[in-house]
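Peer 1: Below is my_file-v6.tsv; it holds TSV, C-alpha atoms and all ligand atoms.
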```tsv
chain	number	residue	atom	x	y	z
A	24	MET	CA	0.00	0.00	0.00
A	25	VAL	CA	1.31	3.44	-0.90
A	26	VAL	CA	-1.29	5.39	1.05
A	27	VAL	CA	-3.46	4.28	3.95
A	28	VAL	CA	-5.84	6.69	5.65
A	29	ASP	CA	-7.51	5.02	8.60
A	30	SER	CA	-10.46	6.78	10.25
A	31	LEU	CA	-8.95	10.24	9.79
A	32	VAL	CA	-10.76	12.94	11.78
A	33	LYS	CA	-9.86	16.61	11.62
A	34	VAL	CA	-11.57	19.09	13.91
A	35	TYR	CA	-11.22	22.73	12.80
A	36	GLY	CA	-12.03	24.46	16.10
A	37	ASP	CA	-15.71	25.35	16.24
A	38	ASN	CA	-15.81	25.90	12.49
A	39	GLY	CA	-15.69	22.49	10.92
A	40	TYR	CA	-15.26	18.81	11.31
A	41	VAL	CA	-14.14	16.20	8.82
A	42	GLY	CA	-14.17	12.44	9.20
A	43	PRO	CA	-13.90	9.65	9.80
A	44	ILE	CA	-12.34	9.16	6.38
A	45	SER	CA	-10.64	5.94	5.32
A	46	LEU	CA	-9.00	5.09	2.04
A	47	SER	CA	-6.17	3.01	0.71
A	48	MET	CA	-4.28	2.89	-2.54
A	49	LYS	CA	-1.71	0.57	-4.06
A	50	LYS	CA	1.34	1.32	-6.17
A	51	GLY	CA	0.43	2.16	-9.76
A	52	GLU	CA	-3.19	2.89	-8.94
A	53	VAL	CA	-5.06	5.99	-10.07
A	54	TYR	CA	-7.45	6.99	-7.33
A	55	GLY	CA	-10.23	9.57	-7.82
A	56	LEU	CA	-11.57	11.27	-4.72
A	57	VAL	CA	-15.01	12.79	-5.19
A	58	GLY	CA	-17.57	14.44	-2.94
A	59	PRO	CA	-19.62	17.63	-2.60
A	60	ASN	CA	-18.01	20.96	-1.65
A	61	GLY	CA	-16.81	20.98	1.93
A	62	SER	CA	-16.95	17.20	2.29
A	63	GLY	CA	-13.28	16.86	3.23
A	64	LYS	CA	-11.33	16.06	0.05
A	65	THR	CA	-8.71	18.80	0.45
A	66	THR	CA	-8.40	18.05	4.17
A	67	THR	CA	-7.68	14.40	3.34
A	68	LEU	CA	-5.10	15.26	0.70
A	69	ARG	CA	-3.38	17.76	3.00
A	70	ALA	CA	-3.20	15.15	5.76
A	71	ILE	CA	-1.58	12.72	3.29
A	72	LEU	CA	0.99	15.41	2.44
A	73	GLY	CA	1.71	15.96	6.13
A	74	LEU	CA	0.49	19.55	5.90
A	75	LEU	CA	-1.94	19.07	8.74
A	76	LYS	CA	-2.00	16.93	11.83
A	77	PRO	CA	-5.00	14.63	12.14
A	78	THR	CA	-7.06	15.18	15.28
A	79	ARG	CA	-7.67	11.41	15.35
A	80	GLY	CA	-6.94	8.45	13.11
A	81	LYS	CA	-3.85	7.41	11.19
A	82	VAL	CA	-2.29	8.38	7.91
A	83	SER	CA	0.53	6.39	6.39
A	84	VAL	CA	2.42	7.22	3.17
A	85	PHE	CA	5.01	4.66	2.05
A	86	GLY	CA	4.72	3.29	5.58
A	87	MET	CA	5.61	6.65	7.18
A	88	ASP	CA	3.60	9.14	9.17
A	89	PRO	CA	3.74	12.13	6.78
A	90	PHE	CA	3.31	14.74	9.52
A	91	ASN	CA	6.41	13.49	11.36
A	92	ASN	CA	8.53	12.82	8.23
A	93	PRO	CA	7.97	15.94	6.10
A	94	GLU	CA	11.30	15.84	4.25
A	95	LYS	CA	11.13	12.18	3.27
A	96	VAL	CA	7.52	12.56	2.16
A	97	ASN	CA	8.41	15.71	0.21
A	98	GLN	CA	10.98	13.72	-1.77
A	99	MET	CA	8.56	10.94	-2.64
A	100	VAL	CA	5.37	12.91	-3.26
A	101	GLY	CA	4.52	15.58	-5.83
A	102	TYR	CA	1.64	17.92	-5.01
A	103	SER	CA	-0.53	20.22	-7.06
A	104	PRO	CA	-2.72	22.33	-4.73
A	105	GLU	CA	-6.38	23.16	-5.27
A	106	ILE	CA	-5.61	26.75	-6.25
A	107	PRO	CA	-2.10	26.96	-7.63
A	108	VAL	CA	-0.57	30.40	-7.23
A	109	PHE	CA	2.66	31.36	-8.98
A	110	PRO	CA	4.53	34.67	-8.97
A	111	SER	CA	3.21	36.19	-12.19
A	112	PHE	CA	6.44	37.83	-13.38
A	113	PHE	CA	8.39	34.54	-13.62
A	114	THR	CA	8.44	32.36	-16.72
A	115	ALA	CA	7.35	28.72	-16.61
A	116	ARG	CA	10.95	27.66	-17.22
A	117	LYS	CA	12.21	29.75	-14.30
A	118	LEU	CA	9.54	28.43	-11.92
A	119	LEU	CA	10.23	24.83	-12.87
A	120	SER	CA	13.99	25.43	-12.42
A	121	LEU	CA	13.33	26.77	-8.93
A	122	SER	CA	11.16	23.73	-8.12
A	123	CYS	CA	14.00	21.47	-9.30
A	124	GLN	CA	16.44	23.25	-7.03
A	125	LEU	CA	14.05	22.92	-4.09
A	126	LYS	CA	13.94	19.17	-4.78
A	127	GLY	CA	17.73	19.08	-4.61
A	128	LEU	CA	18.61	18.92	-8.32
A	129	ARG	CA	21.66	20.84	-9.49
A	130	GLY	CA	23.53	21.83	-12.66
A	131	LYS	CA	22.56	20.17	-15.92
A	132	ASP	CA	20.10	17.87	-14.14
A	133	VAL	CA	17.93	20.95	-13.65
A	134	ALA	CA	17.89	21.87	-17.35
A	135	GLU	CA	17.16	18.26	-18.35
A	136	GLU	CA	14.37	17.91	-15.80
A	137	VAL	CA	12.80	21.21	-16.89
A	138	GLU	CA	12.78	20.06	-20.53
A	139	ARG	CA	11.26	16.69	-19.56
A	140	ILE	CA	8.46	18.40	-17.66
A	141	LEU	CA	7.77	21.06	-20.30
A	142	ASP	CA	7.44	18.22	-22.78
A	143	LEU	CA	5.19	16.07	-20.53
A	144	THR	CA	2.85	18.98	-19.80
A	145	GLY	CA	2.72	20.38	-23.32
A	146	LEU	CA	4.24	23.69	-22.24
A	147	VAL	CA	7.33	23.66	-24.50
A	148	ASN	CA	6.04	26.53	-26.60
A	149	HIS	CA	5.10	28.60	-23.54
A	150	ALA	CA	8.24	27.98	-21.50
A	151	ASP	CA	9.55	31.52	-21.77
A	152	ARG	CA	6.25	33.35	-21.29
A	153	LYS	CA	5.48	35.03	-18.00
A	154	VAL	CA	3.07	32.91	-15.97
A	155	GLY	CA	0.90	35.99	-15.29
A	156	ASN	CA	-0.21	35.71	-18.93
A	157	PHE	CA	-1.12	32.03	-18.67
A	158	SER	CA	-4.67	30.71	-19.09
A	159	LYS	CA	-6.16	28.64	-16.22
A	160	GLY	CA	-5.49	25.45	-18.19
A	161	MET	CA	-1.84	26.36	-18.60
A	162	VAL	CA	-1.50	27.26	-14.89
A	163	GLN	CA	-2.98	23.87	-13.97
A	164	ARG	CA	-0.56	22.13	-16.33
A	165	LEU	CA	2.35	24.05	-14.82
A	166	SER	CA	1.12	23.07	-11.37
A	167	ILE	CA	1.00	19.40	-12.38
A	168	GLY	CA	4.46	19.96	-13.89
A	169	GLN	CA	5.97	21.22	-10.66
A	170	ALA	CA	4.44	18.19	-8.90
A	171	LEU	CA	6.32	15.99	-11.38
A	172	VAL	CA	9.72	17.49	-10.57
A	173	GLY	CA	12.17	14.82	-9.44
A	174	ASP	CA	9.87	12.05	-10.72
A	175	PRO	CA	8.16	11.32	-7.38
A	176	GLU	CA	6.49	7.96	-6.89
A	177	LEU	CA	3.19	9.42	-5.74
A	178	LEU	CA	1.32	12.38	-7.23
A	179	VAL	CA	-1.37	14.15	-5.20
A	180	LEU	CA	-3.43	16.48	-7.37
A	181	ASP	CA	-6.20	18.54	-5.76
A	182	GLU	CA	-8.74	19.31	-8.50
A	183	PRO	CA	-6.30	19.39	-11.42
A	184	MET	CA	-9.12	20.37	-13.79
A	185	LEU	CA	-10.62	23.16	-11.69
A	186	GLY	CA	-11.87	26.02	-13.85
A	187	VAL	CA	-10.44	24.54	-17.05
A	188	ASP	CA	-12.45	24.53	-20.31
A	189	PRO	CA	-13.28	21.25	-22.12
A	190	VAL	CA	-10.30	21.46	-24.49
A	191	GLY	CA	-7.97	22.16	-21.58
A	192	ARG	CA	-9.56	19.31	-19.61
A	193	ALA	CA	-8.94	16.92	-22.48
A	194	HIS	CA	-5.31	18.05	-22.48
A	195	ILE	CA	-4.97	17.42	-18.73
A	196	ARG	CA	-6.72	14.07	-19.14
A	197	GLU	CA	-4.13	13.09	-21.74
A	198	ILE	CA	-1.32	14.11	-19.41
A	199	LEU	CA	-2.80	12.05	-16.56
A	200	GLN	CA	-3.40	9.08	-18.87
A	201	GLY	CA	0.25	9.32	-19.97
A	202	LEU	CA	1.38	9.34	-16.33
A	203	ARG	CA	-0.87	6.38	-15.62
A	204	LYS	CA	0.73	4.44	-18.48
A	205	MET	CA	4.12	5.26	-16.99
A	206	GLY	CA	2.94	3.42	-13.87
A	207	LYS	CA	2.66	6.47	-11.61
A	208	THR	CA	0.53	6.25	-8.49
A	209	ILE	CA	-1.90	9.17	-8.65
A	210	LEU	CA	-4.41	10.42	-6.10
A	211	PHE	CA	-6.59	13.23	-7.37
A	212	SER	CA	-9.78	14.97	-6.32
A	213	SER	CA	-12.28	16.28	-8.82
A	214	HIS	CA	-15.87	17.34	-9.38
A	215	GLU	CA	-15.55	16.24	-13.01
A	216	LEU	CA	-17.13	12.84	-12.50
A	217	TYR	CA	-16.91	11.91	-16.15
A	218	GLU	CA	-13.15	12.44	-16.01
A	219	VAL	CA	-12.85	10.56	-12.71
A	220	GLU	CA	-14.72	7.63	-14.23
A	221	ARG	CA	-12.44	7.56	-17.26
A	222	LEU	CA	-9.19	7.96	-15.40
A	223	SER	CA	-9.53	6.11	-12.11
A	224	ASP	CA	-8.89	2.52	-11.14
A	225	LYS	CA	-10.53	3.21	-7.83
A	226	VAL	CA	-12.92	5.89	-6.60
A	227	GLY	CA	-13.55	7.13	-3.08
A	228	MET	CA	-16.62	9.18	-2.32
A	229	VAL	CA	-16.77	11.43	0.70
A	230	TYR	CA	-20.04	12.85	1.89
A	231	LEU	CA	-20.76	14.92	4.98
A	232	GLY	CA	-17.12	14.42	5.98
A	233	LYS	CA	-17.12	10.63	5.82
A	234	THR	CA	-15.92	8.14	3.25
A	235	VAL	CA	-19.09	6.39	2.31
A	236	LEU	CA	-17.97	4.39	-0.67
A	237	GLU	CA	-14.63	3.19	-1.93
A	238	ASN	CA	-14.24	0.82	-4.82
A	239	ALA	CA	-13.48	0.23	-8.47
A	240	VAL	CA	-15.81	2.29	-10.67
A	241	SER	CA	-17.60	-0.77	-12.07
A	242	GLU	CA	-18.11	-2.14	-8.57
A	243	LEU	CA	-19.48	1.17	-7.29
A	244	ILE	CA	-21.98	1.10	-10.09
A	245	SER	CA	-23.15	-2.48	-9.53
A	246	GLN	CA	-23.13	-2.08	-5.72
A	247	ASN	CA	-25.56	0.76	-6.03
A	248	GLY	CA	-28.27	-1.20	-7.68
A	249	PHE	CA	-27.56	-0.10	-11.22
A	250	GLN	CA	-27.43	-2.54	-14.11
A	251	ARG	CA	-24.42	-2.53	-16.42
A	252	SER	CA	-25.36	-3.58	-19.93
A	253	VAL	CA	-23.93	-3.92	-23.39
A	254	GLN	CA	-26.05	-3.07	-26.39
A	255	ALA	CA	-25.21	-4.63	-29.75
A	256	VAL	CA	-26.68	-3.91	-33.16
A	257	VAL	CA	-26.31	-6.69	-35.74
A	258	LYS	CA	-27.05	-6.98	-39.47
A	259	LYS	CA	-29.96	-9.47	-39.43
A	260	PRO	CA	-32.73	-10.18	-36.92
A	261	VAL	CA	-31.54	-12.20	-33.96
A	262	ASP	CA	-32.92	-15.66	-33.21
A	263	ASP	CA	-32.58	-17.99	-30.20
A	264	ARG	CA	-29.34	-19.50	-31.49
A	265	LEU	CA	-27.41	-16.28	-30.88
A	266	VAL	CA	-29.29	-15.51	-27.66
A	267	ASP	CA	-28.34	-18.96	-26.32
A	268	ALA	CA	-24.71	-18.59	-27.40
A	269	LEU	CA	-24.43	-15.22	-25.64
A	270	SER	CA	-26.23	-16.39	-22.50
A	271	VAL	CA	-23.39	-18.79	-21.67
A	272	VAL	CA	-20.63	-16.18	-21.97
A	273	GLU	CA	-19.00	-15.65	-18.58
A	274	GLY	CA	-20.19	-12.41	-16.97
A	275	VAL	CA	-23.47	-12.30	-18.90
A	276	LYS	CA	-26.58	-12.26	-16.72
A	277	SER	CA	-29.31	-12.19	-19.35
A	278	VAL	CA	-29.83	-11.48	-23.04
A	279	HIS	CA	-32.78	-9.75	-24.64
A	280	ALA	CA	-33.24	-9.54	-28.43
A	281	ASP	CA	-35.47	-7.13	-30.28
A	282	GLY	CA	-35.00	-7.39	-34.06
A	283	VAL	CA	-31.41	-6.42	-34.80
A	284	VAL	CA	-30.83	-4.96	-31.32
A	285	LEU	CA	-29.44	-7.09	-28.51
A	286	THR	CA	-29.33	-5.99	-24.88
A	287	VAL	CA	-26.90	-8.01	-22.79
A	288	ASP	CA	-27.10	-7.40	-19.03
A	289	LEU	CA	-23.83	-8.04	-17.21
A	290	GLU	CA	-23.19	-9.45	-13.76
A	291	GLY	CA	-20.32	-9.11	-11.34
A	292	LEU	CA	-17.24	-7.17	-12.32
A	293	ASN	CA	-16.56	-8.91	-15.61
A	294	ASP	CA	-16.03	-7.06	-18.83
A	295	PRO	CA	-17.00	-9.65	-21.44
A	296	ARG	CA	-17.28	-7.22	-24.35
A	297	ASP	CA	-14.56	-8.95	-26.41
A	298	LYS	CA	-16.25	-12.31	-25.95
A	299	ILE	CA	-19.68	-10.87	-26.82
A	300	ALA	CA	-18.31	-9.34	-30.02
A	301	GLU	CA	-16.49	-12.59	-30.93
A	302	THR	CA	-19.63	-14.66	-30.34
A	303	ILE	CA	-21.74	-12.38	-32.53
A	304	VAL	CA	-19.20	-12.34	-35.35
A	305	ALA	CA	-18.61	-16.11	-35.14
A	306	SER	CA	-22.38	-16.72	-35.37
A	307	GLY	CA	-22.46	-14.89	-38.72
A	308	TYR	CA	-24.83	-12.07	-37.69
A	309	GLY	CA	-22.43	-9.27	-38.56
A	310	LEU	CA	-21.68	-6.68	-35.89
A	311	VAL	CA	-22.69	-3.09	-36.67
A	312	GLU	CA	-22.31	-1.46	-33.25
A	313	LEU	CA	-21.43	-2.40	-29.68
A	314	LYS	CA	-21.73	0.00	-26.79
A	315	THR	CA	-21.99	-0.13	-23.03
A	316	THR	CA	-25.01	1.44	-21.43
A	317	SER	CA	-23.67	1.46	-17.88
A	318	PRO	CA	-24.90	4.21	-15.62
A	319	SER	CA	-22.36	6.91	-15.04
A	320	LEU	CA	-20.48	7.65	-11.86
A	321	GLU	CA	-22.53	10.85	-11.85
A	322	GLN	CA	-25.76	8.86	-11.47
A	323	VAL	CA	-24.24	6.91	-8.57
A	324	PHE	CA	-23.06	10.14	-6.97
A	325	ILE	CA	-26.43	11.89	-7.30
A	326	LYS	CA	-28.23	8.83	-5.93
A	327	MET	CA	-25.84	8.74	-2.98
A	328	VAL	CA	-26.30	12.41	-2.15
A	329	LYS	CA	-30.09	12.27	-2.57
A	330	ASN	CA	-30.33	9.24	-0.33
A	331	GLY	CA	-28.17	10.97	2.29
A	332	ALA	CA	-25.93	7.92	2.22
A	333	ALA	CA	-23.81	8.95	5.19
A	334	THR	CA	-26.54	10.18	7.49
B	401	LIG	N1	-8.47	25.92	7.58
B	401	LIG	C1	-9.74	25.64	7.91
B	401	LIG	N2	-10.34	26.24	8.98
B	401	LIG	C2	-11.60	25.94	9.34
B	401	LIG	N3	-12.37	25.05	8.68
B	401	LIG	C3	-11.85	24.42	7.61
B	401	LIG	C4	-10.51	24.69	7.16
B	401	LIG	N4	-10.25	23.91	6.08
B	401	LIG	C5	-11.39	23.21	5.85
B	401	LIG	N5	-12.34	23.52	6.77
B	401	LIG	C6	-13.69	22.94	6.85
B	401	LIG	O1	-13.60	21.53	6.72
B	401	LIG	C7	-14.61	21.03	5.86
B	401	LIG	C8	-13.99	20.28	4.70
B	401	LIG	O2	-13.27	21.18	3.87
B	401	LIG	P1	-12.38	20.70	2.65
B	401	LIG	O3	-11.73	21.91	2.09
B	401	LIG	O4	-11.51	19.59	3.08
B	401	LIG	O5	-13.50	20.15	1.66
B	401	LIG	P2	-13.43	19.80	0.08
B	401	LIG	O6	-14.12	18.48	-0.06
B	401	LIG	O7	-12.05	19.90	-0.42
B	401	LIG	O8	-14.34	20.93	-0.57
B	401	LIG	P3	-14.28	21.62	-2.03
B	401	LIG	O9	-14.98	20.66	-2.98
B	401	LIG	O10	-15.08	22.87	-1.85
B	401	LIG	O11	-12.85	21.87	-2.38
B	401	LIG	C9	-15.46	22.22	5.46
B	401	LIG	O12	-16.55	22.29	6.33
B	401	LIG	C10	-14.53	23.38	5.66
B	401	LIG	O13	-15.24	24.55	5.99
B	402	MG	MG	-11.14	21.03	-1.84
```
Is it possible to express this structure as structure tokens?

Peer 2:
Amino acid sequence: MVVVVDSLVKVYGDNGYVGPISLSMKKGEVYGLVGPNGSGKTTTLRAILGLLKPTRGKVSVFGMDPFNNPEKVNQMVGYSPEIPVFPSFFTARKLLSLSCQLKGLRGKDVAEEVERILDLTGLVNHADRKVGNFSKGMVQRLSIGQALVGDPELLVLDEPMLGVDPVGRAHIREILQGLRKMGKTILFSSHELYEVERLSDKVGMVYLGKTVLENAVSELISQNGFQRSVQAVVKKPVDDRLVDALSVVEGVKSVHADGVVLTVDLEGLNDPRDKIAETIVASGYGLVELKTTSPSLEQVFIKMVKNGAAT
């Protein structure tokens, strides 16, 4: 486990209270933390970074207590805060160089690391512009960039898409997907549930200060009483032969045919789409379209909040 948060409680004087929050993530996992405003996402991330001391509960990062080992944690974790603020008169290149020096890099290692990060974040062409002229999307990318300095094992990104337009979001998504492919362990919070669903191996939902759900996206969906289905369109009307062949595919719960449209309800956590497509093609029906009609994470989230899941 890279991160374990066990029943974290943070009391903010008379003003606020967060917890108990529990979550855990393994090496190489991308973890999306979601929850309404004020539910405790930033508090949790800051406790993981050792920036605040839990009132109760335990936080462990690479087996260490982050609050008591700030320097070690700082070497192993990269952080992009919820609202990144940079001195506006510096260029991106200068700011990244300073971040490299703070992480202990020197000499030509700094120049090489700055180039690597400019490239990873798509900021090569903006490297020598003053950050005060940057769009929100570019500031977020620079903030992710400074988290990447020194190639830390864990990235903690607090709302990396906050205030960014759809094109900018797609760009950040690509960056995060690239980091995921590189095997980075990433913990991020976001209100962009569609993005969380696409990017995350695991999702944690906090509500009224408590973790109420934590699981793989597909499991969250099936746990919450939603049906995941695959819809296939074929070239000629379906008969029982194909329905029977599909019914025995592992992970298929039931099959319903209506002319050239097949609805295949799934069970468990399987993803038998390849096998469904193969079975249709092998049966000679010709496959025109195959799509999943799973409910979105957004539907699960709205259901959870409406039901007052944590109350
Ligand atoms: N420094 C602080 N002083 C007092 N209360 C605080 C402080 N930081 C957070 N809180 C309170 O703790 C609760 C959780 O806040 P937190 O910022 O962790 O939520 P969040 O899930 O990140 O919200 P958002 O989606 O708005 O970013 C809120 O009630 C908030 O008012
Ligand atoms: Mg927050």

Peer 1: Report as a list in words all protein, DNA and RNA residues lying within 9 Å of Val133 (chain A), evaluated on all atoms listed in the file, omitting residues in the same chain fewer than 6 positions from it.

Peer 2: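 Here the qualifying residues turn out to be Leu119, Ser120, Leu121, Cys123 and Gln124 of chain A.
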
Peer 1: Which residues sit within 8 Å of ligand MG 402 (chain B), counting only C-alpha atoms and all ligand atoms, listed as a VMD selection string?

Peer 2: chain A and resid 60 to 61 63 to 66 105 181 to 182 212

Peer 1: Skip Glu215 (chain A) itself and residues of its chain fewer than 3 positions away, then list as a list in words all residues within 9 Å of it, counting all atoms listed in the file.

Peer 2: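 Surrounding residues, per the criterion: Val57, Glu182, Met184, Leu185, Ser212, Glu218, Val219, Glu220 and Glu321 of chain A.
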
Peer 1: Could you please determine the separation between CA of Val190 (chain A) and CA of Ala115 (chain A) in Å, to one decimal place?

Peer 2: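 So the two atoms, CA of Val190 (chain A) and CA of Ala115 (chain A), lie 20.6 Å apart.
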
Peer 1: In terms of the shortest atom-to-atom distance over all atoms listed in the file, which of A:Asp262, A:Asp29, A:Glu290, A:Asp267 is closest to Val84 (chain A)?

Peer 2: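 Among the listed residues, A:Asp29 lies closest to Val84 (chain A).
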
Peer 1: 12 Å from ligand LIG 401 (chain B) is the threshold here; counting all atoms listed in the file, which polymer residues fall inside it? Answer as a PyMOL selection string.

Peer 2: chain A and resi 31-44+56-70+74-76+104-106+180-183+185+211-215+227-234

Peer 1: For Val287 (chain A), which of A:Leu310, A:Leu118, A:Ala305, A:Val253 is the closest residue, counting all atoms listed in the file?

Peer 2: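 Among A:Leu310, A:Leu118, A:Ala305, A:Val253, it is A:Val253 that comes nearest to Val287 (chain A).
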
Peer 1: Considering only C-alpha atoms, state which residue in the set A:Ala239, A:Val278, A:Leu269, A:Val284 is at the smallest distance from Val257 (chain A).

Peer 2: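 Closest candidate: A:Val284.
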
Peer 1: So which residues touch region 202-205 of chain A within 12 Å, counting all atoms listed in the file, skipping near sequence neighbours fewer than 6 positions away, as a list in words?

Peer 2: Lys50, Gly51, Glu52, Val53, Tyr54, Ile140, Leu143, Thr144, Ile167, Gly168, Ala170, Leu171, Asp174, Pro175, Glu176, Leu177, Leu178, Ile195, Arg196, Arg221, Leu222, Ser223 and Asp224 of chain A

Peer 1: Tell me, in Å to one decimal, how far CA of Arg164 (chain A) is from CA of Gly145 (chain A).

Peer 2: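 Between CA of Arg164 (chain A) and CA of Gly145 (chain A) the gap works out to 7.9 Å.
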
Peer 1: I need the residue nearest Arg116 (chain A) from this list: A:Arg251, A:Arg152, A:Lys329, A:Lys225. Use all atoms listed in the file for the distance.

Peer 2: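 That would be A:Arg152, the residue with the smallest distance to Arg116 (chain A).
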
Peer 1: Could you state the separation of CA of Thr208 (chain A) and CA of Val100 (chain A) in Å, given to one decimal place?

Peer 2: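 These two atoms are separated by 9.8 Å.
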
Peer 1: Pro318 (chain A): which residues within 9 Å, counting all atoms listed in the file, same-chain residues fewer than 5 positions away excluded, as a short mmCIF file (atom, residue, chain, number, x, y, z; two decimals) with C-alpha atoms, keeping the file's coordinate frame?

Peer 2:
```cif
data_model
loop_
_atom_site.label_atom_id
_atom_site.label_comp_id
_atom_site.auth_asym_id
_atom_site.auth_seq_id
_atom_site.Cartn_x
_atom_site.Cartn_y
_atom_site.Cartn_z
CA ILE A 244 -21.98 1.10 -10.09
CA PHE A 249 -27.56 -0.10 -11.22
CA GLN A 250 -27.43 -2.54 -14.11
CA ARG A 251 -24.42 -2.53 -16.42
CA SER A 252 -25.36 -3.58 -19.93
CA VAL A 323 -24.24 6.91 -8.57
#
```

Peer 1: Could you list, as a list in words, every residue within 10 Å of Gln254 (chain A), counting all atoms listed in the file and ignoring same-chain residues fewer than 2 positions away?

Peer 2: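 After dropping sequence-adjacent residues, the list is Ser252, Val256, Val278, His279, Ala280, Val284, Leu285, Thr286, Val287, Asp288, Arg296, Glu312, Leu313, Lys314, Thr315, Thr316 and Ser317 of chain A.
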